[in-house]
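upload.cif follows (mmCIF, C-alpha atoms):
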```
data_work
#
loop_
_atom_site.group_PDB
_atom_site.id
_atom_site.type_symbol
_atom_site.label_atom_id
_atom_site.label_comp_id
_atom_site.auth_asym_id
_atom_site.auth_seq_id
_atom_site.Cartn_x
_atom_site.Cartn_y
_atom_site.Cartn_z
ATOM 1 C CA SER B 27 47.383 119.648 149.413
ATOM 2 C CA ALA B 28 47.802 118.858 153.097
ATOM 3 C CA VAL B 29 50.811 119.060 155.375
ATOM 4 C CA ILE B 30 50.940 116.280 157.950
ATOM 5 C CA SER B 31 53.242 116.137 160.943
ATOM 6 C CA GLN B 32 53.848 112.890 162.769
ATOM 7 C CA LYS B 33 55.745 112.193 165.924
ATOM 8 C CA PRO B 34 57.765 110.453 167.030
ATOM 9 C CA SER B 35 59.627 109.946 163.767
ATOM 10 C CA ARG B 36 61.250 106.857 165.220
ATOM 11 C CA ASP B 37 61.455 104.972 168.477
ATOM 12 C CA ILE B 38 62.904 101.830 169.953
ATOM 13 C CA CYS B 39 60.654 100.159 172.472
ATOM 14 C CA GLN B 40 60.710 97.203 174.780
ATOM 15 C CA ARG B 41 58.400 94.243 174.342
ATOM 16 C CA GLY B 42 55.173 94.593 176.301
ATOM 17 C CA THR B 43 55.118 98.386 176.362
ATOM 18 C CA SER B 44 52.838 100.736 174.422
ATOM 19 C CA LEU B 45 53.612 103.681 172.188
ATOM 20 C CA THR B 46 51.343 106.489 171.060
ATOM 21 C CA ILE B 47 51.930 108.138 167.694
ATOM 22 C CA GLN B 48 50.543 111.606 167.063
ATOM 23 C CA CYS B 49 49.392 113.019 163.746
ATOM 24 C CA GLN B 50 48.647 116.713 163.127
ATOM 25 C CA VAL B 51 47.172 118.042 159.867
ATOM 26 C CA ASP B 52 47.343 121.669 158.781
ATOM 27 C CA SER B 53 43.686 121.748 157.742
ATOM 28 C CA GLN B 54 40.405 120.275 158.905
ATOM 29 C CA VAL B 55 39.666 116.880 157.402
ATOM 30 C CA THR B 56 36.786 114.495 157.810
ATOM 31 C CA MET B 57 38.750 111.264 157.863
ATOM 32 C CA MET B 58 42.275 110.389 158.834
ATOM 33 C CA PHE B 59 43.826 107.043 157.984
ATOM 34 C CA TRP B 60 46.432 104.973 159.764
ATOM 35 C CA TYR B 61 48.594 102.629 157.704
ATOM 36 C CA ARG B 62 51.274 100.112 158.563
ATOM 37 C CA GLN B 63 54.218 99.344 156.311
ATOM 38 C CA GLN B 64 56.180 96.350 157.466
ATOM 39 C CA PRO B 65 59.799 95.940 156.328
ATOM 40 C CA GLY B 66 59.945 95.356 152.585
ATOM 41 C CA GLN B 67 56.160 95.380 152.293
ATOM 42 C CA SER B 68 53.543 97.720 150.961
ATOM 43 C CA LEU B 69 51.029 99.732 152.934
ATOM 44 C CA THR B 70 48.164 98.111 154.813
ATOM 45 C CA LEU B 71 45.290 100.175 156.161
ATOM 46 C CA ILE B 72 44.829 99.698 159.908
ATOM 47 C CA ALA B 73 41.830 101.925 160.498
ATOM 48 C CA THR B 74 39.980 105.072 159.543
ATOM 49 C CA ALA B 75 39.673 107.691 162.273
ATOM 50 C CA ASN B 76 36.477 109.738 162.254
ATOM 51 C CA GLN B 77 35.905 112.755 164.445
ATOM 52 C CA GLY B 78 33.077 112.216 166.889
ATOM 53 C CA SER B 79 32.754 108.469 166.428
ATOM 54 C CA GLU B 80 34.766 105.311 166.924
ATOM 55 C CA ALA B 81 37.410 104.395 164.432
ATOM 56 C CA THR B 82 36.636 101.842 161.753
ATOM 57 C CA TYR B 83 39.113 98.972 161.769
ATOM 58 C CA GLU B 84 40.118 96.799 158.835
ATOM 59 C CA SER B 85 40.122 93.037 158.956
ATOM 60 C CA GLY B 86 42.939 91.763 161.128
ATOM 61 C CA PHE B 87 43.207 94.887 163.280
ATOM 62 C CA VAL B 88 41.385 95.404 166.576
ATOM 63 C CA ILE B 89 40.782 98.336 168.870
ATOM 64 C CA ASP B 90 42.420 96.701 171.880
ATOM 65 C CA LYS B 91 45.717 96.403 170.028
ATOM 66 C CA PHE B 92 45.522 99.709 168.110
ATOM 67 C CA PRO B 93 43.351 102.198 170.003
ATOM 68 C CA ILE B 94 42.797 105.424 168.100
ATOM 69 C CA SER B 95 41.711 108.847 169.237
ATOM 70 C CA ARG B 96 40.295 111.639 167.080
ATOM 71 C CA PRO B 97 39.516 114.568 169.365
ATOM 72 C CA ASN B 98 39.133 117.151 166.582
ATOM 73 C CA LEU B 99 39.290 117.610 162.824
ATOM 74 C CA THR B 100 43.054 118.175 162.670
ATOM 75 C CA PHE B 101 44.509 115.644 165.075
ATOM 76 C CA SER B 102 44.610 111.905 165.728
ATOM 77 C CA THR B 103 46.637 109.414 167.711
ATOM 78 C CA LEU B 104 47.352 105.740 167.195
ATOM 79 C CA THR B 105 48.558 103.621 170.082
ATOM 80 C CA VAL B 106 50.373 100.348 169.511
ATOM 81 C CA SER B 107 49.641 98.361 172.660
ATOM 82 C CA ASN B 108 51.512 95.545 174.340
ATOM 83 C CA MET B 109 54.128 95.567 171.623
ATOM 84 C CA SER B 110 55.986 92.562 170.297
ATOM 85 C CA PRO B 111 58.826 92.406 167.746
ATOM 86 C CA GLU B 112 56.203 91.652 165.057
ATOM 87 C CA ASP B 113 54.921 95.219 165.537
ATOM 88 C CA SER B 114 58.209 96.614 164.266
ATOM 89 C CA SER B 115 57.083 98.644 161.308
ATOM 90 C CA ILE B 116 56.553 102.099 159.891
ATOM 91 C CA TYR B 117 53.223 103.614 160.871
ATOM 92 C CA LEU B 118 51.877 106.296 158.548
ATOM 93 C CA CYS B 119 49.118 108.806 159.021
ATOM 94 C CA SER B 120 47.240 109.908 155.920
ATOM 95 C CA VAL B 121 44.397 112.109 154.706
ATOM 96 C CA ASP B 122 42.759 112.228 151.323
ATOM 97 C CA SER B 123 41.811 115.088 149.076
ATOM 98 C CA GLU B 124 38.041 115.017 148.909
ATOM 99 C CA ASN B 125 38.163 116.234 145.366
ATOM 100 C CA THR B 126 40.727 114.055 143.700
ATOM 101 C CA GLY B 127 41.144 111.020 145.921
ATOM 102 C CA GLU B 128 44.854 111.783 146.331
ATOM 103 C CA LEU B 129 46.318 110.555 149.614
ATOM 104 C CA PHE B 130 48.753 112.719 151.555
ATOM 105 C CA PHE B 131 51.017 111.041 154.064
ATOM 106 C CA GLY B 132 52.964 112.048 157.089
ATOM 107 C CA GLU B 133 56.637 111.159 157.118
ATOM 108 C CA GLY B 134 55.918 108.052 159.145
ATOM 109 C CA SER B 135 56.905 106.747 162.548
ATOM 110 C CA ARG B 136 59.509 103.989 162.417
ATOM 111 C CA LEU B 137 59.005 101.669 165.356
ATOM 112 C CA THR B 138 61.462 98.989 166.454
ATOM 113 C CA VAL B 139 60.414 96.593 169.199
ATOM 114 C CA LEU B 140 63.147 94.652 170.975
ATOM 115 C CA ARG P 18 44.973 85.806 144.634
ATOM 116 C CA LYS P 19 46.085 89.190 145.968
ATOM 117 C CA GLU P 20 43.940 92.205 145.165
ATOM 118 C CA VAL P 21 46.752 94.186 143.564
ATOM 119 C CA GLU P 22 49.875 92.535 142.181
ATOM 120 C CA GLN P 23 53.118 93.961 140.905
ATOM 121 C CA ASP P 24 56.488 92.574 139.911
ATOM 122 C CA PRO P 25 58.669 93.559 142.889
ATOM 123 C CA GLY P 26 61.780 93.929 140.733
ATOM 124 C CA PRO P 27 64.304 95.343 141.183
ATOM 125 C CA PHE P 28 64.502 96.791 137.719
ATOM 126 C CA ASN P 29 68.049 97.990 137.131
ATOM 127 C CA VAL P 30 68.243 100.174 134.040
ATOM 128 C CA PRO P 31 70.837 102.588 132.639
ATOM 129 C CA GLU P 32 70.195 106.291 132.454
ATOM 130 C CA GLY P 33 68.207 107.198 129.387
ATOM 131 C CA ALA P 34 66.461 103.850 129.134
ATOM 132 C CA THR P 35 62.738 103.338 128.821
ATOM 133 C CA VAL P 36 61.172 101.126 131.465
ATOM 134 C CA ALA P 37 57.627 99.859 131.916
ATOM 135 C CA PHE P 38 55.819 98.497 134.954
ATOM 136 C CA ASN P 39 52.577 96.587 135.016
ATOM 137 C CA CYS P 40 50.074 96.123 137.791
ATOM 138 C CA THR P 41 47.105 93.759 137.841
ATOM 139 C CA TYR P 42 44.034 94.034 140.039
ATOM 140 C CA SER P 43 41.408 91.457 140.889
ATOM 141 C CA ASN P 44 38.313 93.510 141.693
ATOM 142 C CA SER P 45 36.495 94.319 138.456
ATOM 143 C CA ALA P 46 34.409 96.948 140.291
ATOM 144 C CA SER P 47 37.495 99.119 140.835
ATOM 145 C CA GLN P 48 37.008 102.697 139.700
ATOM 146 C CA SER P 49 40.098 104.661 140.658
ATOM 147 C CA PHE P 50 43.695 103.954 139.794
ATOM 148 C CA PHE P 51 46.912 105.662 140.777
ATOM 149 C CA TRP P 52 50.665 105.352 140.684
ATOM 150 C CA TYR P 53 52.513 106.497 143.796
ATOM 151 C CA ARG P 54 56.227 106.896 144.215
ATOM 152 C CA GLN P 55 58.054 106.076 147.439
ATOM 153 C CA ASP P 56 61.664 107.059 147.905
ATOM 154 C CA CYS P 57 63.799 105.099 150.322
ATOM 155 C CA ARG P 58 62.783 105.827 153.929
ATOM 156 C CA LYS P 59 60.225 108.393 152.798
ATOM 157 C CA GLU P 60 56.454 108.480 152.627
ATOM 158 C CA PRO P 61 54.578 107.664 149.398
ATOM 159 C CA LYS P 62 53.599 110.553 147.147
ATOM 160 C CA LEU P 63 51.188 110.622 144.252
ATOM 161 C CA LEU P 64 52.940 110.356 140.900
ATOM 162 C CA MET P 65 49.859 110.343 138.717
ATOM 163 C CA SER P 66 46.270 109.275 138.492
ATOM 164 C CA VAL P 67 45.360 106.808 135.760
ATOM 165 C CA TYR P 68 42.380 107.594 133.580
ATOM 166 C CA SER P 69 40.478 105.342 131.211
ATOM 167 C CA SER P 70 41.817 107.261 128.239
ATOM 168 C CA GLY P 71 45.364 107.061 129.514
ATOM 169 C CA ASN P 72 47.400 110.064 130.533
ATOM 170 C CA GLU P 73 50.842 111.490 130.100
ATOM 171 C CA ASP P 74 52.906 113.777 132.294
ATOM 172 C CA GLY P 75 56.248 114.610 130.782
ATOM 173 C CA ARG P 76 58.310 111.433 130.638
ATOM 174 C CA PHE P 77 55.636 109.397 132.391
ATOM 175 C CA THR P 78 52.712 107.684 130.681
ATOM 176 C CA ALA P 79 50.036 105.688 132.475
ATOM 177 C CA GLN P 80 47.453 103.460 130.842
ATOM 178 C CA LEU P 81 44.471 101.478 132.043
ATOM 179 C CA ASN P 82 43.124 98.296 130.492
ATOM 180 C CA ARG P 83 39.831 97.516 132.181
ATOM 181 C CA ALA P 84 39.138 94.389 130.128
ATOM 182 C CA SER P 85 42.360 92.753 131.271
ATOM 183 C CA GLN P 86 42.360 94.513 134.638
ATOM 184 C CA TYR P 87 45.808 95.981 134.544
ATOM 185 C CA ILE P 88 47.428 99.364 134.594
ATOM 186 C CA SER P 89 50.843 100.292 133.330
ATOM 187 C CA LEU P 90 53.441 102.985 133.869
ATOM 188 C CA LEU P 91 56.006 103.859 131.237
ATOM 189 C CA ILE P 92 59.027 105.982 132.069
ATOM 190 C CA ARG P 93 61.005 107.354 129.165
ATOM 191 C CA ASP P 94 64.538 108.739 129.260
ATOM 192 C CA SER P 95 65.131 107.478 132.812
ATOM 193 C CA LYS P 96 66.969 109.767 135.211
ATOM 194 C CA LEU P 97 68.975 108.832 138.276
ATOM 195 C CA SER P 98 66.354 110.644 140.323
ATOM 196 C CA ASP P 99 63.679 108.220 139.100
ATOM 197 C CA SER P 100 65.169 105.547 141.376
ATOM 198 C CA ALA P 101 62.389 104.689 143.820
ATOM 199 C CA THR P 102 59.659 102.177 144.522
ATOM 200 C CA TYR P 103 56.535 102.619 142.413
ATOM 201 C CA LEU P 104 53.294 101.625 144.102
ATOM 202 C CA CYS P 105 50.161 100.758 142.190
ATOM 203 C CA VAL P 106 46.997 101.813 144.042
ATOM 204 C CA VAL P 107 43.475 100.728 143.166
ATOM 205 C CA GLY P 108 40.216 101.881 144.714
ATOM 206 C CA LEU P 109 36.508 101.196 144.509
ATOM 207 C CA ASP P 110 35.944 104.963 144.510
ATOM 208 C CA ASN P 111 37.842 108.128 145.341
ATOM 209 C CA TYR P 112 37.651 107.653 149.104
ATOM 210 C CA GLY P 113 40.906 106.788 150.768
ATOM 211 C CA GLN P 114 39.571 104.038 153.001
ATOM 212 C CA ASN P 115 38.777 101.987 149.925
ATOM 213 C CA PHE P 116 42.242 102.078 148.390
ATOM 214 C CA VAL P 117 44.425 98.989 148.104
ATOM 215 C CA PHE P 118 48.167 99.324 147.665
ATOM 216 C CA GLY P 119 50.231 96.950 145.575
ATOM 217 C CA PRO P 120 53.535 95.650 146.919
ATOM 218 C CA GLY P 121 55.532 98.067 144.761
ATOM 219 C CA THR P 122 58.146 97.744 142.046
ATOM 220 C CA ARG P 123 61.630 98.899 142.830
ATOM 221 C CA LEU P 124 63.503 100.812 140.141
ATOM 222 C CA SER P 125 67.202 101.605 140.173
ATOM 223 C CA VAL P 126 68.505 103.850 137.422
ATOM 224 C CA LEU P 127 72.223 103.383 137.030
ATOM 225 C CA PRO P 128 74.754 105.928 135.737
#
```
Please express the file's structure as structure tokens.
Amino acid sequence: SAVISQKPSRDICQRGTSLTIQCQVDSQVTMMFWYRQQPGQSLTLIATANQGSEATYESGFVIDKFPISRPNLTFSTLTVSNMSPEDSSIYLCSVDSENTGELFFGEGSRLTVL
Amino acid sequence: RKEVEQDPGPFNVPEGATVAFNCTYSNSASQSFFWYRQDCRKEPKLLMSVYSSGNEDGRFTAQLNRASQYISLLIRDSKLSDSATYLCVVGLDNYGQNFVFGPGTRLSVLP
């Protein structure tokens, strides 16, 4: 299993500002995933963060809006840039078990944009 | 058509009842199947993987029907603590970036 710490756990932000979410894993992992869960919705993958290369973004998500850093094998950040109320969501960091395919999630960062 | 579909519920059942959820998926090349549980305001956690032969874990039974492209979850003898949202997850392989989450089915077990 993996233990994942995310911060901030929640924040309230003003429109037009940016927020960076940090994710720390207790073991070295090849890939880290960033998901978004909008109110009442399921999880949507934003991007996969790889150490030593640029993140891979899913359709509908772009680097300018969601820049990602992956400086080492245990840490990643996701920035939500130029926020609007539509960005209000829970953002979740995740890693997978390379043996079983099980996904482990951080507790999420609940973002509210006013 | 969405890749993974579930009845959103809510399913309101009394304690001790048996309840079943279904999930359908559109990509016939899918190879991995899971049920996750998400408690209110918490992160999702793996409940069980779903194998071709079906599998059982205590009160929980999961089955896969590849021909009809659906998976099911059966919960017997429901407990209050089973109240949660159950997410169906389907993947092309065992790598996390290829997983698709269903919208979830909400279950409330009532005293």
Could you please select, counting only C-alpha atoms, the residues of chain B within 9 Å of chain P and state them as a ChimeraX atom specification? /B:57-59,66-71,73-74,118,120-134
Carefully work through the PyMOL selection byres ((chain P and resi 100) around 9) for this structure and note down the residues it includes, as a JSON list (two decimals) with C-alpha atoms, keeping the file's coordinate frame.
```json
[["chain", "number", "residue", "atom", "x", "y", "z"],
["P", 56, "ASP", "CA", 61.66, 107.06, 147.90],
["P", 95, "SER", "CA", 65.13, 107.48, 132.81],
["P", 96, "LYS", "CA", 66.97, 109.77, 135.21],
["P", 97, "LEU", "CA", 68.97, 108.83, 138.28],
["P", 98, "SER", "CA", 66.35, 110.64, 140.32],
["P", 99, "ASP", "CA", 63.68, 108.22, 139.10],
["P", 101, "ALA", "CA", 62.39, 104.69, 143.82],
["P", 102, "THR", "CA", 59.66, 102.18, 144.52],
["P", 123, "ARG", "CA", 61.63, 98.90, 142.83],
["P", 124, "LEU", "CA", 63.50, 100.81, 140.14],
["P", 125, "SER", "CA", 67.20, 101.60, 140.17],
["P", 126, "VAL", "CA", 68.50, 103.85, 137.42],
["P", 127, "LEU", "CA", 72.22, 103.38, 137.03]]
```
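Applied to the file shown here, the PyMOL selection byres ((chain B and resi 29-36) around 6) selects the residues Ala28, Asp37, Ile47, Gln48, Cys49, Gln50, Val51, Asp52, Gly132, Ser135, Arg136 and Leu137 of chain B.
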Residues matched by the PyMOL selection byres ((chain B and resi 96) around 9) as a list of chain:residue names: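 Against this file, the PyMOL selection byres ((chain B and resi 96) around 9) returns the residues B:Met58, B:Ala75, B:Asn76, B:Gln77, B:Gly78, B:Ser79, B:Glu80, B:Ala81, B:Ile94, B:Ser95, B:Pro97, B:Asn98, B:Leu99, B:Thr100, B:Phe101, B:Ser102, B:Thr103.
Near Lys91 in chain B, within 9 Å and counting all atoms listed in the file, sit B:Thr105, B:Val106, B:Ser107, B:Asn108, B:Met109, not including residues fewer than 6 positions from it in the same chain.
Rounded to one decimal, CA of Glu84 in chain B and CA of Cys40 in chain P lie 23.3 Å from each other.
Using all atoms listed in the file, the residues found no farther than 9 Å from Ser43 in chain P, other than those of its own chain fewer than 6 positions away, are P:Arg18, P:Lys19, P:Glu20, P:Val21, P:Glu22, P:Gln86, P:Tyr87.
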What separation in Å, quoted to one decimal, exists between CA of Asn82 in chain P and CA of Glu32 in chain P?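 If I compute the distance from CA of Asn82 in chain P to CA of Glu32 in chain P, I get 28.3 Å.
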Might you pull out every residue within 10 Å of Glu112 in chain B, with all atoms listed in the file counted and same-chain residues fewer than 5 positions away left off, and present them as a PyMOL selection string? chain B and resi 41+64+138-140
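The gap separating CA of Val67 in chain P from CA of Phe28 in chain P is 21.7 Å, in Å to one decimal.
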Measuring atom to atom with only C-alpha atoms, identify which of P:Asn72, P:Tyr42, P:Phe77, P:Arg54 is nearest to Leu109 in chain P. P:Tyr42
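With distances restricted to only C-alpha atoms, P:Thr35 is the closest residue to Ile92 in chain P from P:Gln55, P:Thr122, P:Thr35, P:Ser47.
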Since the input lacks some atoms of range 68-87 of chain B, please model N, CA and C atoms and print them as a JSON list (two decimals), keeping the file's coordinate frame.
```
[["chain", "number", "residue", "atom", "x", "y", "z"],
["B", 68, "SER", "N", 54.30, 96.53, 151.33],
["B", 68, "SER", "CA", 53.54, 97.72, 150.96],
["B", 68, "SER", "C", 52.69, 98.18, 152.15],
["B", 69, "LEU", "N", 51.83, 99.14, 151.88],
["B", 69, "LEU", "CA", 51.03, 99.73, 152.93],
["B", 69, "LEU", "C", 49.75, 98.93, 153.16],
["B", 70, "THR", "N", 49.41, 98.76, 154.43],
["B", 70, "THR", "CA", 48.16, 98.11, 154.81],
["B", 70, "THR", "C", 47.38, 99.07, 155.70],
["B", 71, "LEU", "N", 46.13, 99.28, 155.37],
["B", 71, "LEU", "CA", 45.29, 100.18, 156.16],
["B", 71, "LEU", "C", 44.93, 99.50, 157.47],
["B", 72, "ILE", "N", 45.20, 100.20, 158.59],
["B", 72, "ILE", "CA", 44.83, 99.70, 159.91],
["B", 72, "ILE", "C", 43.40, 100.11, 160.22],
["B", 73, "ALA", "N", 43.14, 101.41, 160.12],
["B", 73, "ALA", "CA", 41.83, 101.92, 160.50],
["B", 73, "ALA", "C", 41.63, 103.33, 159.95],
["B", 74, "THR", "N", 40.38, 103.72, 159.92],
["B", 74, "THR", "CA", 39.98, 105.07, 159.54],
["B", 74, "THR", "C", 39.48, 105.78, 160.79],
["B", 75, "ALA", "N", 40.04, 106.94, 161.07],
["B", 75, "ALA", "CA", 39.67, 107.69, 162.27],
["B", 75, "ALA", "C", 38.70, 108.79, 161.90],
["B", 76, "ASN", "N", 37.52, 108.76, 162.50],
["B", 76, "ASN", "CA", 36.48, 109.74, 162.25],
["B", 76, "ASN", "C", 36.28, 110.59, 163.50],
["B", 77, "GLN", "N", 36.12, 111.88, 163.30],
["B", 77, "GLN", "CA", 35.90, 112.76, 164.44],
["B", 77, "GLN", "C", 34.50, 112.57, 164.98],
["B", 78, "GLY", "N", 34.38, 112.35, 166.26],
["B", 78, "GLY", "CA", 33.08, 112.22, 166.89],
["B", 78, "GLY", "C", 32.50, 110.82, 166.90],
["B", 79, "SER", "N", 33.23, 109.86, 166.39],
["B", 79, "SER", "CA", 32.75, 108.47, 166.43],
["B", 79, "SER", "C", 33.94, 107.54, 166.54],
["B", 80, "GLU", "N", 33.67, 106.27, 166.80],
["B", 80, "GLU", "CA", 34.77, 105.31, 166.92],
["B", 80, "GLU", "C", 35.43, 105.06, 165.58],
["B", 81, "ALA", "N", 36.68, 104.70, 165.65],
["B", 81, "ALA", "CA", 37.41, 104.40, 164.43],
["B", 81, "ALA", "C", 36.87, 103.12, 163.79],
["B", 82, "THR", "N", 37.04, 103.03, 162.50],
["B", 82, "THR", "CA", 36.64, 101.84, 161.75],
["B", 82, "THR", "C", 37.88, 101.03, 161.43],
["B", 83, "TYR", "N", 37.93, 99.80, 161.92],
["B", 83, "TYR", "CA", 39.11, 98.97, 161.77],
["B", 83, "TYR", "C", 38.97, 98.00, 160.60],
["B", 84, "GLU", "N", 40.09, 97.76, 159.94],
["B", 84, "GLU", "CA", 40.12, 96.80, 158.84],
["B", 84, "GLU", "C", 40.29, 95.39, 159.40],
["B", 85, "SER", "N", 40.01, 94.43, 158.55],
["B", 85, "SER", "CA", 40.12, 93.04, 158.96],
["B", 85, "SER", "C", 41.54, 92.75, 159.44],
["B", 86, "GLY", "N", 41.64, 92.10, 160.58],
["B", 86, "GLY", "CA", 42.94, 91.76, 161.13],
["B", 86, "GLY", "C", 43.47, 92.76, 162.14],
["B", 87, "PHE", "N", 42.79, 93.86, 162.32],
["B", 87, "PHE", "CA", 43.21, 94.89, 163.28],
["B", 87, "PHE", "C", 42.07, 95.13, 164.26]]
```
